Amino acid sequence: MALALDGLRVIDADTHLTEAHDLWTSRAPAKFKERVPHVEMIDERPMWVVDGAELGFAGGGGVIDRDGNKGRALEALYEWTQDRIHLGAFDPKARIEVMDDSGIWAQICFPNSVGLGGQGISDVVKDPELRLLCVQIYNDAIAQIQEESNNRLLPMPIMPAWDVAASVVEAERVAGLGLRGINLTSDTQDLGAPDLASLEWDPLWDVCADLHMPVHFHIGASLTTMTYFGTYPWESQDDDTKLAIGGTLLFIGNARVVTNIILSGMLERHPTLQMVSVESGVGWIPFILEALDYEMSENAPKQLEKLSMLPSEYFKRQLFATFWFEKNNVPALVESVGEDCILFETDFPHPTCLYPKPLETVAEKMSTLTPTAQRKILGENAAKLYRL
């Protein structure tokens, strides 16, 4: 079935770029070159090491191999290195070729090795000066990728989320580099900062609203969330099933982030601030918003009176979610969530990605929507959000 794509530039709102092994060492000042993240062989496995501490496996960060075949997720994620993964997983030029083959104009990109919200660096590196340097080098590197791609690849910068003031400064700095949003861990308290409901974070929300920098919360983007991830399946489940259970509940886990955002009052205080729930799907959103309205009216009516709108109404004004695999009752789902609040994603090259023909994969279900809704979800919403 044909999609309403005439003249539309399709924008993919969630993909991942695996970090090059020399991303930090090629840019670090001489005195830090041996301390910034780099790859070492430990027990015959390539590992990211930073300041003497292991950050994690230096893998390919995906499940698509060099020949374009999709591999078993557990094997690919925990055994494949960059010599086996598809070049498009880490090479920006090869990624552009994948996009051209897939009919996609631009992609929003998130990290792998540093944590989906940058929380890995913030947790492992203890020296404050080095920790900030690692964040800044990463952001400088992705700004270069964006510029060299002519704004077809838009990686999201990570923040020094252990410090509110430093995050404000870094948000202003990366906006000056031309980056189009920020990527933030959902549990800043894990890193020693106030949690995001605290009024202490208002200066960051002010900057992001003023500079039109949407704030992104990727699934699994905190130490707290990834701790939950390991406890979701029952122990007797096999390893592949455990991964499927964990992946499913990571989607729903962003309901925790969305409800806390709305009820923190940050959207009330910052009505032009925009936020994105990344790689979480949209099917859970109508129920959660309806439940949130009901629970607040039943259990916190005085707090509800302090808000100028129902909790569900803040979502449609200021929040976005990403859509890719869901296929049941799509028109009703889109009507309930709001066609202005949904972005299209492929999740390339992660296990649930739409590959190799993402637009063909979604054509049948997307064709049940109006041409206007199709165009908004597949590109127009993202073009507006990311100033493309």
# chains A, B, ... in the order shown; residues from 1 in each chain; ligands from 1
$ closest_atom_pairs --of "stretch 267-349 of chain A" --to "stretch 180-185 of chain A" --cutoff "12 Å" --atoms "only C-alpha atoms" --output "tab-separated table"
residue	atom	partner	partner_atom	distance
A:Leu273	CA	A:Gly181	CA	11.1
A:Gln274	CA	A:Gly181	CA	9.6
A:Met275	CA	A:Gly181	CA	9.3
A:Val276	CA	A:Asn183	CA	9.5
A:Ser277	CA	A:Asn183	CA	10.6
A:Val278	CA	A:Asn183	CA	9.9
$ residues_around --residues "A:Ile64" --least-positions-apart "5" --cutoff "7 Å" --atoms "only C-alpha atoms" --output "list of chain:residue names"
A:Asn69, A:Lys70, A:Gly71, A:Ile85, A:His86, A:Pro349
$ write_last_selection --atoms "N, CA, C and O atoms" --output "compact mmCIF listing (two decimals), in the first residue's frame"
# COMPACT_ATOMS: atom_id res chain seq x y z
N ASN A 69 22.48 -9.04 7.34
CA ASN A 69 21.61 -10.03 7.97
C ASN A 69 21.43 -9.72 9.45
O ASN A 69 22.35 -9.24 10.11
N LYS A 70 20.25 -10.03 9.96
CA LYS A 70 19.95 -9.80 11.36
C LYS A 70 20.35 -11.03 12.16
O LYS A 70 19.93 -12.15 11.85
N GLY A 71 21.17 -10.84 13.19
CA GLY A 71 21.64 -11.94 14.01
C GLY A 71 20.83 -12.13 15.27
O GLY A 71 19.96 -11.32 15.61
N ILE A 85 30.02 -6.22 12.85
CA ILE A 85 28.79 -5.45 12.75
C ILE A 85 28.75 -4.69 11.42
O ILE A 85 29.77 -4.41 10.81
N HIS A 86 27.56 -4.36 10.97
CA HIS A 86 27.37 -3.56 9.76
C HIS A 86 28.14 -2.24 9.89
O HIS A 86 28.11 -1.60 10.95
N PRO A 349 20.81 0.13 14.74
CA PRO A 349 20.79 -1.28 14.34
C PRO A 349 20.48 -2.21 15.51
O PRO A 349 21.00 -3.32 15.58
$ select_by_dssp --residues "stretch 51-98 of chain A" --states "alpha helix (DSSP H)" --output "PyMOL selection string"
chain A and resi 73-79+92-98
$ residues_around --residues "stretch 15-21 of chain A" --least-positions-apart "2" --cutoff "9 Å" --atoms "only C-alpha atoms" --output "VMD selection string"
chain A and resid 12 to 13 23 to 25 37 to 39 48 58 to 62 82 88 to 92 95 107 to 114 138 155 279 345 to 350 353
$ write_last_selection --atoms "N, CA, C and O atoms" --output "short mmCIF file (atom, residue, chain, number, x, y, z; two decimals), in the first residue's frame"
data_model
loop_
_atom_site.label_atom_id
_atom_site.label_comp_id
_atom_site.auth_asym_id
_atom_site.auth_seq_id
_atom_site.Cartn_x
_atom_site.Cartn_y
_atom_site.Cartn_z
N ASP A 12 13.79 9.65 10.97
CA ASP A 12 13.85 8.51 11.88
C ASP A 12 14.30 9.03 13.25
O ASP A 12 15.43 9.47 13.40
N ALA A 13 13.42 8.96 14.23
CA ALA A 13 13.65 9.66 15.51
C ALA A 13 14.38 8.84 16.56
O ALA A 13 14.59 9.33 17.67
N LEU A 23 37.37 7.77 19.51
CA LEU A 23 36.56 8.99 19.67
C LEU A 23 37.18 9.92 20.71
O LEU A 23 37.30 11.13 20.47
N TRP A 24 37.59 9.38 21.85
CA TRP A 24 38.15 10.20 22.92
C TRP A 24 39.65 10.40 22.78
O TRP A 24 40.15 11.51 22.94
N THR A 25 40.38 9.34 22.48
CA THR A 25 41.85 9.44 22.44
C THR A 25 42.33 10.37 21.34
O THR A 25 43.37 11.02 21.48
N PRO A 37 38.19 7.34 27.78
CA PRO A 37 37.75 6.02 27.29
C PRO A 37 38.56 5.56 26.09
O PRO A 37 38.78 6.30 25.14
N HIS A 38 39.01 4.31 26.16
CA HIS A 38 39.75 3.68 25.08
C HIS A 38 39.53 2.18 25.19
O HIS A 38 38.99 1.69 26.19
N VAL A 39 39.94 1.43 24.18
CA VAL A 39 39.66 0.01 24.14
C VAL A 39 40.92 -0.79 24.47
O VAL A 39 41.99 -0.53 23.92
N TRP A 48 35.90 -1.34 26.86
CA TRP A 48 36.10 0.09 27.08
C TRP A 48 36.66 0.27 28.49
O TRP A 48 36.12 -0.26 29.47
N ALA A 58 33.35 -3.50 24.37
CA ALA A 58 33.48 -2.65 23.17
C ALA A 58 32.94 -3.40 21.97
O ALA A 58 33.68 -3.84 21.08
N GLY A 59 31.63 -3.58 21.95
CA GLY A 59 30.98 -4.35 20.90
C GLY A 59 30.55 -3.50 19.73
O GLY A 59 30.81 -2.30 19.66
N GLY A 60 29.86 -4.15 18.82
CA GLY A 60 29.38 -3.45 17.63
C GLY A 60 28.15 -2.61 17.87
O GLY A 60 27.84 -1.71 17.10
N GLY A 61 27.41 -2.94 18.93
CA GLY A 61 26.25 -2.13 19.29
C GLY A 61 25.03 -2.35 18.42
O GLY A 61 24.22 -1.45 18.25
N GLY A 62 24.89 -3.58 17.89
CA GLY A 62 23.73 -3.85 17.07
C GLY A 62 23.65 -5.30 16.67
O GLY A 62 24.44 -6.14 17.11
N GLN A 82 33.30 -4.65 16.29
CA GLN A 82 33.11 -3.77 15.14
C GLN A 82 33.61 -4.38 13.83
O GLN A 82 33.28 -3.87 12.76
N GLY A 88 27.41 0.54 8.89
CA GLY A 88 26.50 1.63 9.21
C GLY A 88 26.23 1.80 10.68
O GLY A 88 25.67 2.81 11.11
N ALA A 89 26.64 0.81 11.49
CA ALA A 89 26.45 0.93 12.93
C ALA A 89 27.38 1.96 13.54
O ALA A 89 27.05 2.55 14.58
N PHE A 90 28.54 2.20 12.90
CA PHE A 90 29.51 3.12 13.50
C PHE A 90 30.16 4.07 12.51
O PHE A 90 30.77 5.06 12.93
N ASP A 91 30.03 3.83 11.22
CA ASP A 91 30.65 4.68 10.20
C ASP A 91 29.58 5.63 9.64
O ASP A 91 28.64 5.18 8.98
N PRO A 92 29.70 6.94 9.88
CA PRO A 92 28.65 7.86 9.42
C PRO A 92 28.41 7.83 7.92
O PRO A 92 27.26 7.95 7.47
N ARG A 95 26.42 4.85 7.21
CA ARG A 95 25.06 5.06 7.72
C ARG A 95 24.22 5.85 6.72
O ARG A 95 23.05 5.53 6.50
N GLN A 107 18.26 11.09 10.56
CA GLN A 107 18.12 10.22 11.73
C GLN A 107 18.59 10.95 12.99
O GLN A 107 19.61 11.64 12.96
N ILE A 108 17.83 10.75 14.07
CA ILE A 108 18.26 11.18 15.38
C ILE A 108 19.03 10.01 15.99
O ILE A 108 18.57 8.86 15.92
N CYS A 109 20.20 10.27 16.55
CA CYS A 109 21.09 9.20 16.98
C CYS A 109 21.38 9.28 18.48
O CYS A 109 21.59 10.37 19.02
N PHE A 110 21.44 8.10 19.10
CA PHE A 110 21.72 7.99 20.52
C PHE A 110 22.93 7.07 20.71
O PHE A 110 23.27 6.29 19.84
N PRO A 111 23.58 7.16 21.89
CA PRO A 111 24.83 6.42 22.10
C PRO A 111 24.60 4.96 22.43
O PRO A 111 23.47 4.50 22.60
N ASN A 112 25.69 4.24 22.54
CA ASN A 112 25.69 2.85 23.00
C ASN A 112 26.59 2.68 24.23
O ASN A 112 26.13 2.40 25.31
N SER A 113 27.89 2.90 24.04
CA SER A 113 28.87 2.52 25.06
C SER A 113 28.83 3.37 26.32
O SER A 113 29.20 2.90 27.40
N VAL A 114 28.41 4.61 26.22
CA VAL A 114 28.42 5.50 27.39
C VAL A 114 27.13 5.42 28.20
O VAL A 114 26.96 6.16 29.17
N TYR A 138 32.82 13.80 23.82
CA TYR A 138 31.75 13.07 23.12
C TYR A 138 30.86 14.05 22.35
O TYR A 138 30.55 13.84 21.17
N PRO A 155 22.96 13.43 16.16
CA PRO A 155 23.17 12.78 17.45
C PRO A 155 22.81 13.72 18.59
O PRO A 155 23.01 14.94 18.50
N GLU A 279 12.14 5.50 22.05
CA GLU A 279 12.14 4.04 21.89
C GLU A 279 11.20 3.35 22.88
O GLU A 279 11.44 2.24 23.33
N GLU A 345 10.26 5.93 14.14
CA GLU A 345 11.62 5.48 14.39
C GLU A 345 11.86 4.11 13.77
O GLU A 345 10.91 3.37 13.47
N THR A 346 13.15 3.75 13.60
CA THR A 346 13.50 2.40 13.15
C THR A 346 14.33 1.64 14.18
O THR A 346 14.42 0.43 14.11
N ASP A 347 15.01 2.32 15.09
CA ASP A 347 15.88 1.72 16.10
C ASP A 347 17.10 1.02 15.48
O ASP A 347 17.69 0.15 16.11
N PHE A 348 17.49 1.39 14.29
CA PHE A 348 18.67 0.78 13.67
C PHE A 348 19.91 1.08 14.50
O PHE A 348 20.10 2.19 14.95
N PRO A 349 20.81 0.13 14.74
CA PRO A 349 20.79 -1.28 14.34
C PRO A 349 20.48 -2.21 15.51
O PRO A 349 21.00 -3.32 15.58
N HIS A 350 19.65 -1.79 16.43
CA HIS A 350 19.36 -2.57 17.64
C HIS A 350 18.42 -3.75 17.35
O HIS A 350 17.84 -3.84 16.25
N CYS A 353 14.98 -3.42 15.51
CA CYS A 353 14.97 -2.43 14.43
C CYS A 353 14.18 -2.89 13.20
O CYS A 353 14.07 -4.08 12.91
#
$ residues_around --residues "A:Ile342" --least-positions-apart "6" --cutoff "10 Å" --atoms "only C-alpha atoms" --output "PyMOL selection string"
chain A and resi 13+276-277+281-282+316+319-323+334+373+376-379+381-382
$ write_last_selection --atoms "all heavy atoms" --output "tab-separated table (two decimals), in the first residue's frame"
chain	number	residue	atom	x	y	z
A	13	ALA	N	13.42	8.96	14.23
A	13	ALA	CA	13.65	9.66	15.51
A	13	ALA	C	14.38	8.84	16.56
A	13	ALA	O	14.59	9.33	17.67
A	13	ALA	CB	12.31	10.13	16.08
A	276	VAL	N	10.90	14.23	24.81
A	276	VAL	CA	10.64	13.07	23.98
A	276	VAL	C	10.89	11.79	24.78
A	276	VAL	O	11.96	11.64	25.38
A	276	VAL	CB	11.54	13.05	22.72
A	276	VAL	CG1	11.12	11.91	21.78
A	276	VAL	CG2	11.48	14.39	21.98
A	277	SER	N	9.93	10.90	24.77
A	277	SER	CA	10.09	9.56	25.31
A	277	SER	C	10.56	8.68	24.17
A	277	SER	O	9.79	8.37	23.25
A	277	SER	CB	8.77	9.04	25.89
A	277	SER	OG	8.89	7.71	26.33
A	281	GLY	N	7.66	3.20	22.28
A	281	GLY	CA	6.36	2.88	21.72
A	281	GLY	C	5.31	3.86	22.21
A	281	GLY	O	5.59	4.78	22.99
A	282	VAL	N	4.06	3.64	21.75
A	282	VAL	CA	2.99	4.57	22.12
A	282	VAL	C	1.75	3.88	22.70
A	282	VAL	O	0.89	4.55	23.26
A	282	VAL	CB	2.55	5.43	20.91
A	282	VAL	CG1	3.70	6.29	20.42
A	282	VAL	CG2	2.04	4.56	19.77
A	316	LYS	N	-0.09	16.13	25.44
A	316	LYS	CA	-0.39	16.55	24.06
A	316	LYS	C	0.19	17.92	23.75
A	316	LYS	O	0.39	18.26	22.59
A	316	LYS	CB	-1.90	16.53	23.83
A	316	LYS	CG	-2.46	15.11	23.80
A	316	LYS	CD	-3.90	15.05	23.32
A	316	LYS	CE	-4.36	13.61	23.20
A	316	LYS	NZ	-5.72	13.48	22.66
A	319	LEU	N	4.86	16.78	25.00
A	319	LEU	CA	5.60	15.53	24.95
A	319	LEU	C	5.43	14.80	23.63
A	319	LEU	O	4.40	14.94	22.94
A	319	LEU	CB	5.17	14.61	26.10
A	319	LEU	CG	5.69	15.00	27.48
A	319	LEU	CD1	4.91	14.28	28.57
A	319	LEU	CD2	7.17	14.66	27.60
A	320	PHE	N	6.44	14.02	23.27
A	320	PHE	CA	6.43	13.19	22.06
A	320	PHE	C	6.82	11.77	22.44
A	320	PHE	O	7.54	11.55	23.41
A	320	PHE	CB	7.44	13.71	21.03
A	320	PHE	CG	7.12	15.07	20.49
A	320	PHE	CD1	7.50	16.22	21.18
A	320	PHE	CD2	6.46	15.23	19.28
A	320	PHE	CE1	7.22	17.48	20.70
A	320	PHE	CE2	6.18	16.49	18.78
A	320	PHE	CZ	6.56	17.61	19.48
A	321	ALA	N	6.33	10.81	21.65
A	321	ALA	CA	6.76	9.42	21.79
A	321	ALA	C	7.08	8.88	20.41
A	321	ALA	O	6.68	9.45	19.38
A	321	ALA	CB	5.67	8.59	22.46
A	322	THR	N	7.80	7.77	20.37
A	322	THR	CA	8.24	7.21	19.08
A	322	THR	C	7.52	5.90	18.78
A	322	THR	O	7.21	5.11	19.67
A	322	THR	CB	9.76	6.97	19.09
A	322	THR	OG1	10.11	6.12	20.19
A	322	THR	CG2	10.50	8.29	19.22
A	323	PHE	N	7.27	5.67	17.50
A	323	PHE	CA	6.41	4.59	17.01
A	323	PHE	C	7.14	3.82	15.93
A	323	PHE	O	7.74	4.42	15.04
A	323	PHE	CB	5.13	5.24	16.45
A	323	PHE	CG	4.24	4.33	15.65
A	323	PHE	CD1	3.28	3.56	16.28
A	323	PHE	CD2	4.35	4.29	14.27
A	323	PHE	CE1	2.44	2.74	15.54
A	323	PHE	CE2	3.50	3.48	13.52
A	323	PHE	CZ	2.55	2.71	14.16
A	334	VAL	N	-3.51	6.44	17.36
A	334	VAL	CA	-3.01	7.75	16.97
A	334	VAL	C	-3.98	8.85	17.38
A	334	VAL	O	-3.58	9.92	17.86
A	334	VAL	CB	-2.74	7.79	15.46
A	334	VAL	CG1	-2.45	9.22	14.99
A	334	VAL	CG2	-1.56	6.88	15.11
A	373	ALA	N	-1.97	12.60	8.83
A	373	ALA	CA	-1.36	11.93	9.97
A	373	ALA	C	-0.09	11.19	9.55
A	373	ALA	O	0.91	11.20	10.27
A	373	ALA	CB	-2.35	10.97	10.61
A	376	LYS	N	2.74	13.72	9.15
A	376	LYS	CA	3.19	14.26	10.43
A	376	LYS	C	4.09	13.25	11.14
A	376	LYS	O	5.19	13.60	11.61
A	376	LYS	CB	2.00	14.60	11.32
A	376	LYS	CG	1.26	15.87	10.92
A	376	LYS	CD	0.12	16.16	11.89
A	376	LYS	CE	-0.59	17.45	11.54
A	376	LYS	NZ	-1.70	17.75	12.50
A	377	ILE	N	3.64	12.00	11.22
A	377	ILE	CA	4.38	10.99	11.98
A	377	ILE	C	5.69	10.62	11.29
A	377	ILE	O	6.73	10.46	11.95
A	377	ILE	CB	3.49	9.75	12.19
A	377	ILE	CG1	2.32	10.11	13.12
A	377	ILE	CG2	4.30	8.59	12.76
A	377	ILE	CD1	1.24	9.04	13.18
A	378	LEU	N	5.65	10.51	9.97
A	378	LEU	CA	6.83	10.06	9.24
A	378	LEU	C	7.88	11.15	9.04
A	378	LEU	O	9.03	10.83	8.71
A	378	LEU	CB	6.43	9.49	7.88
A	378	LEU	CG	5.69	8.15	7.93
A	378	LEU	CD1	5.14	7.80	6.55
A	378	LEU	CD2	6.60	7.04	8.43
A	379	GLY	N	7.52	12.40	9.26
A	379	GLY	CA	8.55	13.41	9.05
A	379	GLY	C	8.25	14.82	9.52
A	379	GLY	O	9.12	15.49	10.05
A	381	ASN	N	6.42	16.18	11.98
A	381	ASN	CA	6.56	16.48	13.40
A	381	ASN	C	8.02	16.62	13.78
A	381	ASN	O	8.41	17.54	14.51
A	381	ASN	CB	5.91	15.38	14.24
A	381	ASN	CG	4.40	15.39	14.18
A	381	ASN	OD1	3.78	16.37	13.80
A	381	ASN	ND2	3.79	14.27	14.57
A	382	ALA	N	8.84	15.69	13.30
A	382	ALA	CA	10.26	15.73	13.63
A	382	ALA	C	10.96	16.91	12.98
A	382	ALA	O	11.85	17.53	13.57
A	382	ALA	CB	10.93	14.42	13.21
$ select_by_dssp --residues "stretch 233-305 of chain A" --states "strand (DSSP E)" --output "ChimeraX atom specification"
/A:275-278
$ write_last_selection --atoms "all heavy atoms" --output "CSV table (one decimal), in the first residue's frame"
chain,number,residue,atom,x,y,z
A,275,MET,N,9.7,17.6,25.3
A,275,MET,CA,10.4,16.4,25.8
A,275,MET,C,10.0,15.2,24.9
A,275,MET,O,8.9,15.2,24.4
A,275,MET,CB,10.2,16.2,27.2
A,275,MET,CG,10.8,17.2,28.1
A,275,MET,SD,10.6,16.8,29.9
A,275,MET,CE,11.7,18.0,30.6
A,276,VAL,N,10.9,14.2,24.8
A,276,VAL,CA,10.6,13.1,24.0
A,276,VAL,C,10.9,11.8,24.8
A,276,VAL,O,12.0,11.6,25.4
A,276,VAL,CB,11.5,13.1,22.7
A,276,VAL,CG1,11.1,11.9,21.8
A,276,VAL,CG2,11.5,14.4,22.0
A,277,SER,N,9.9,10.9,24.8
A,277,SER,CA,10.1,9.6,25.3
A,277,SER,C,10.6,8.7,24.2
A,277,SER,O,9.8,8.4,23.3
A,277,SER,CB,8.8,9.0,25.9
A,277,SER,OG,8.9,7.7,26.3
A,278,VAL,N,11.8,8.3,24.2
A,278,VAL,CA,12.5,7.7,23.1
A,278,VAL,C,12.5,6.1,23.1
A,278,VAL,O,12.8,5.6,24.2
A,278,VAL,CB,13.9,8.2,22.9
A,278,VAL,CG1,14.6,7.6,21.6
A,278,VAL,CG2,14.0,9.7,22.9
$ closest_residue --among "A:Ile96, A:Leu153, A:Val125, A:Leu116" --to "A:Gly52" --atoms "only C-alpha atoms"
A:Val125
$ residues_around --residues "A:Trp284" --least-positions-apart "2" --cutoff "12 Å" --atoms "only C-alpha atoms" --output "list in words"
Thr248, Leu249, Leu250, Phe251, Ile252, Gly253, Asn254, Ala255, Arg256, Val258, Ser277, Ser280, Gly281, Val282, Pro286, Phe287, Ile288, Leu289, Glu290, Ala291, Ala321, Thr322, Phe323, Glu326, Leu333, Val334, Ser336 and Val337 of chain A
$ atom_distance --atom1 "atom CA of A:Ala209" --atom2 "atom CA of A:Thr272"
5.7 Å
$ residues_around --residues "A:Ser186" --least-positions-apart "6" --cutoff "10 Å" --atoms "only C-alpha atoms" --output "compact mmCIF listing (two decimals) with all heavy atoms, in the first residue's frame"
# COMPACT_ATOMS: atom_id res chain seq x y z
N GLY A 117 21.63 7.14 28.17
CA GLY A 117 21.45 8.53 28.57
C GLY A 117 22.74 9.17 29.03
O GLY A 117 22.72 10.20 29.69
N GLN A 119 24.69 7.88 31.18
CA GLN A 119 24.89 7.62 32.61
C GLN A 119 26.11 6.79 32.91
O GLN A 119 26.63 6.82 34.04
CB GLN A 119 23.64 6.95 33.20
CG GLN A 119 23.40 5.49 32.79
CD GLN A 119 22.60 5.33 31.53
OE1 GLN A 119 22.48 6.24 30.72
NE2 GLN A 119 22.01 4.15 31.35
N ALA A 161 25.17 15.22 34.09
CA ALA A 161 23.93 15.22 34.87
C ALA A 161 24.14 15.11 36.37
O ALA A 161 23.17 15.16 37.14
CB ALA A 161 23.02 14.09 34.39
N ASP A 195 16.88 14.90 42.13
CA ASP A 195 16.08 14.26 41.08
C ASP A 195 15.42 15.33 40.23
O ASP A 195 15.37 16.52 40.59
CB ASP A 195 15.08 13.27 41.67
CG ASP A 195 13.97 13.93 42.47
OD1 ASP A 195 13.32 14.87 41.96
OD2 ASP A 195 13.74 13.50 43.62
N LEU A 196 14.91 14.93 39.08
CA LEU A 196 14.46 15.90 38.08
C LEU A 196 13.19 16.65 38.47
O LEU A 196 12.84 17.63 37.82
CB LEU A 196 14.28 15.22 36.74
CG LEU A 196 15.58 14.71 36.09
CD1 LEU A 196 15.28 13.93 34.81
CD2 LEU A 196 16.52 15.87 35.78
N HIS A 216 15.50 14.64 25.75
CA HIS A 216 15.20 13.26 25.40
C HIS A 216 15.45 12.32 26.57
O HIS A 216 16.49 12.40 27.22
CB HIS A 216 16.06 12.82 24.21
CG HIS A 216 15.78 13.60 22.96
ND1 HIS A 216 16.21 14.90 22.78
CD2 HIS A 216 15.10 13.27 21.84
CE1 HIS A 216 15.79 15.33 21.61
NE2 HIS A 216 15.12 14.36 21.02
N PHE A 217 14.49 11.41 26.78
CA PHE A 217 14.62 10.36 27.78
C PHE A 217 14.47 9.02 27.06
O PHE A 217 13.37 8.58 26.76
CB PHE A 217 13.57 10.52 28.88
CG PHE A 217 13.74 11.78 29.68
CD1 PHE A 217 12.97 12.89 29.40
CD2 PHE A 217 14.68 11.85 30.69
CE1 PHE A 217 13.11 14.06 30.13
CE2 PHE A 217 14.84 13.02 31.43
CZ PHE A 217 14.06 14.12 31.15
N HIS A 218 15.61 8.41 26.77
CA HIS A 218 15.61 7.12 26.09
C HIS A 218 15.28 6.03 27.11
O HIS A 218 15.59 6.15 28.29
CB HIS A 218 16.99 6.88 25.48
CG HIS A 218 17.02 5.79 24.46
ND1 HIS A 218 16.93 4.46 24.79
CD2 HIS A 218 17.12 5.84 23.09
CE1 HIS A 218 16.98 3.73 23.69
NE2 HIS A 218 17.09 4.54 22.64
N ILE A 219 14.64 4.95 26.66
CA ILE A 219 14.43 3.83 27.57
C ILE A 219 15.79 3.32 28.07
O ILE A 219 16.79 3.40 27.37
CB ILE A 219 13.64 2.68 26.92
CG1 ILE A 219 14.41 2.09 25.72
CG2 ILE A 219 12.26 3.13 26.52
CD1 ILE A 219 13.85 0.77 25.22
N GLY A 220 15.82 2.84 29.28
CA GLY A 220 17.06 2.31 29.82
C GLY A 220 18.13 3.34 30.09
O GLY A 220 19.31 2.99 30.21
N ALA A 221 17.73 4.61 30.21
CA ALA A 221 18.72 5.68 30.29
C ALA A 221 19.05 6.09 31.72
O ALA A 221 19.22 7.27 31.99
CB ALA A 221 18.23 6.89 29.49
N SER A 222 19.13 5.13 32.61
CA SER A 222 19.58 5.46 33.96
C SER A 222 20.07 4.21 34.66
O SER A 222 19.73 3.07 34.28
CB SER A 222 18.44 6.08 34.78
OG SER A 222 17.53 5.10 35.25
N LEU A 223 20.87 4.40 35.70
CA LEU A 223 21.35 3.27 36.48
C LEU A 223 20.18 2.57 37.17
O LEU A 223 20.12 1.33 37.24
CB LEU A 223 22.36 3.75 37.53
CG LEU A 223 23.59 4.49 36.99
CD1 LEU A 223 24.46 4.97 38.15
CD2 LEU A 223 24.39 3.61 36.05
N THR A 224 19.23 3.33 37.67
CA THR A 224 18.05 2.75 38.30
C THR A 224 17.28 1.87 37.33
O THR A 224 16.92 0.73 37.65
CB THR A 224 17.13 3.87 38.83
OG1 THR A 224 17.75 4.51 39.95
CG2 THR A 224 15.78 3.32 39.28
N THR A 225 17.03 2.37 36.14
CA THR A 225 16.26 1.62 35.15
C THR A 225 16.95 0.32 34.77
O THR A 225 16.31 -0.73 34.66
CB THR A 225 16.03 2.47 33.90
OG1 THR A 225 15.36 3.67 34.27
CG2 THR A 225 15.19 1.72 32.89
N ASN A 254 9.23 3.68 30.59
CA ASN A 254 9.20 5.12 30.38
C ASN A 254 7.89 5.76 30.82
O ASN A 254 7.78 6.98 30.88
CB ASN A 254 9.51 5.45 28.91
CG ASN A 254 10.94 5.92 28.73
OD1 ASN A 254 11.82 5.57 29.52
ND2 ASN A 254 11.20 6.71 27.71
N ARG A 256 6.99 5.55 33.79
CA ARG A 256 7.47 6.13 35.05
C ARG A 256 8.08 7.50 34.83
O ARG A 256 7.85 8.44 35.61
CB ARG A 256 8.51 5.17 35.66
CG ARG A 256 9.30 5.71 36.81
CD ARG A 256 10.25 4.64 37.34
NE ARG A 256 11.21 5.21 38.26
CZ ARG A 256 12.43 5.63 37.92
NH1 ARG A 256 12.83 5.54 36.66
NH2 ARG A 256 13.24 6.14 38.82
N VAL A 257 8.81 7.66 33.74
CA VAL A 257 9.45 8.93 33.44
C VAL A 257 8.39 9.97 33.06
O VAL A 257 8.39 11.10 33.57
CB VAL A 257 10.47 8.77 32.30
CG1 VAL A 257 11.13 10.10 31.97
CG2 VAL A 257 11.52 7.72 32.66
N VAL A 258 7.47 9.57 32.20
CA VAL A 258 6.44 10.51 31.74
C VAL A 258 5.56 10.99 32.89
O VAL A 258 5.26 12.19 33.00
CB VAL A 258 5.59 9.85 30.63
CG1 VAL A 258 4.33 10.65 30.35
CG2 VAL A 258 6.42 9.71 29.35
N ASN A 260 6.23 11.13 36.10
CA ASN A 260 7.00 12.02 36.98
C ASN A 260 7.23 13.39 36.35
O ASN A 260 7.17 14.41 37.03
CB ASN A 260 8.34 11.36 37.34
CG ASN A 260 8.24 10.43 38.53
OD1 ASN A 260 8.16 10.87 39.66
ND2 ASN A 260 8.20 9.13 38.26
N ILE A 261 7.51 13.43 35.05
CA ILE A 261 7.68 14.70 34.36
C ILE A 261 6.43 15.55 34.51
O ILE A 261 6.48 16.73 34.91
CB ILE A 261 8.00 14.47 32.87
CG1 ILE A 261 9.43 13.98 32.69
CG2 ILE A 261 7.76 15.75 32.06
CD1 ILE A 261 9.75 13.53 31.27
$ closest_residue --among "A:Thr81, A:Ser312, A:Thr368, A:Thr231" --to "A:Ile262" --atoms "only C-alpha atoms"
A:Ser312
$ atom_distance --atom1 "atom CA of A:Ala300" --atom2 "atom CA of A:Gly265"
13.9 Å
$ closest_residue --among "A:Glu235, A:Asp187, A:Glu172, A:Asp67" --to "A:Met213" --atoms "only C-alpha atoms"
A:Glu172
$ atom_distance --atom1 "atom CA of A:Ile42" --atom2 "atom CA of A:Gly115"
20.2 Å
$ residues_around --residues "A:Pro271" --least-positions-apart "2" --cutoff "10 Å" --atoms "only C-alpha atoms" --output "compact mmCIF listing (two decimals) with C-alpha atoms, in the first residue's frame"
# COMPACT_ATOMS: atom_id res chain seq x y z
CA ALA A 209 12.92 26.00 26.24
CA MET A 266 8.06 21.40 35.14
CA LEU A 267 5.74 21.51 32.13
CA GLU A 268 3.39 23.87 33.96
CA ARG A 269 6.29 26.21 34.75
CA LEU A 273 9.63 23.07 26.94
CA GLN A 274 9.48 19.95 24.76
CA TYR A 314 0.31 18.33 29.22
CA ARG A 317 1.06 20.03 24.52
CA GLN A 318 4.69 19.20 25.23
$ closest_residue --among "A:Glu360, A:Asp51, A:Glu44, A:Asp101" --to "A:Gly68" --atoms "only C-alpha atoms"
A:Asp101
$ closest_residue --among "A:Leu304, A:Leu154, A:Pro214, A:Ser122" --to "A:Thr188" --atoms "only C-alpha atoms"
A:Ser122
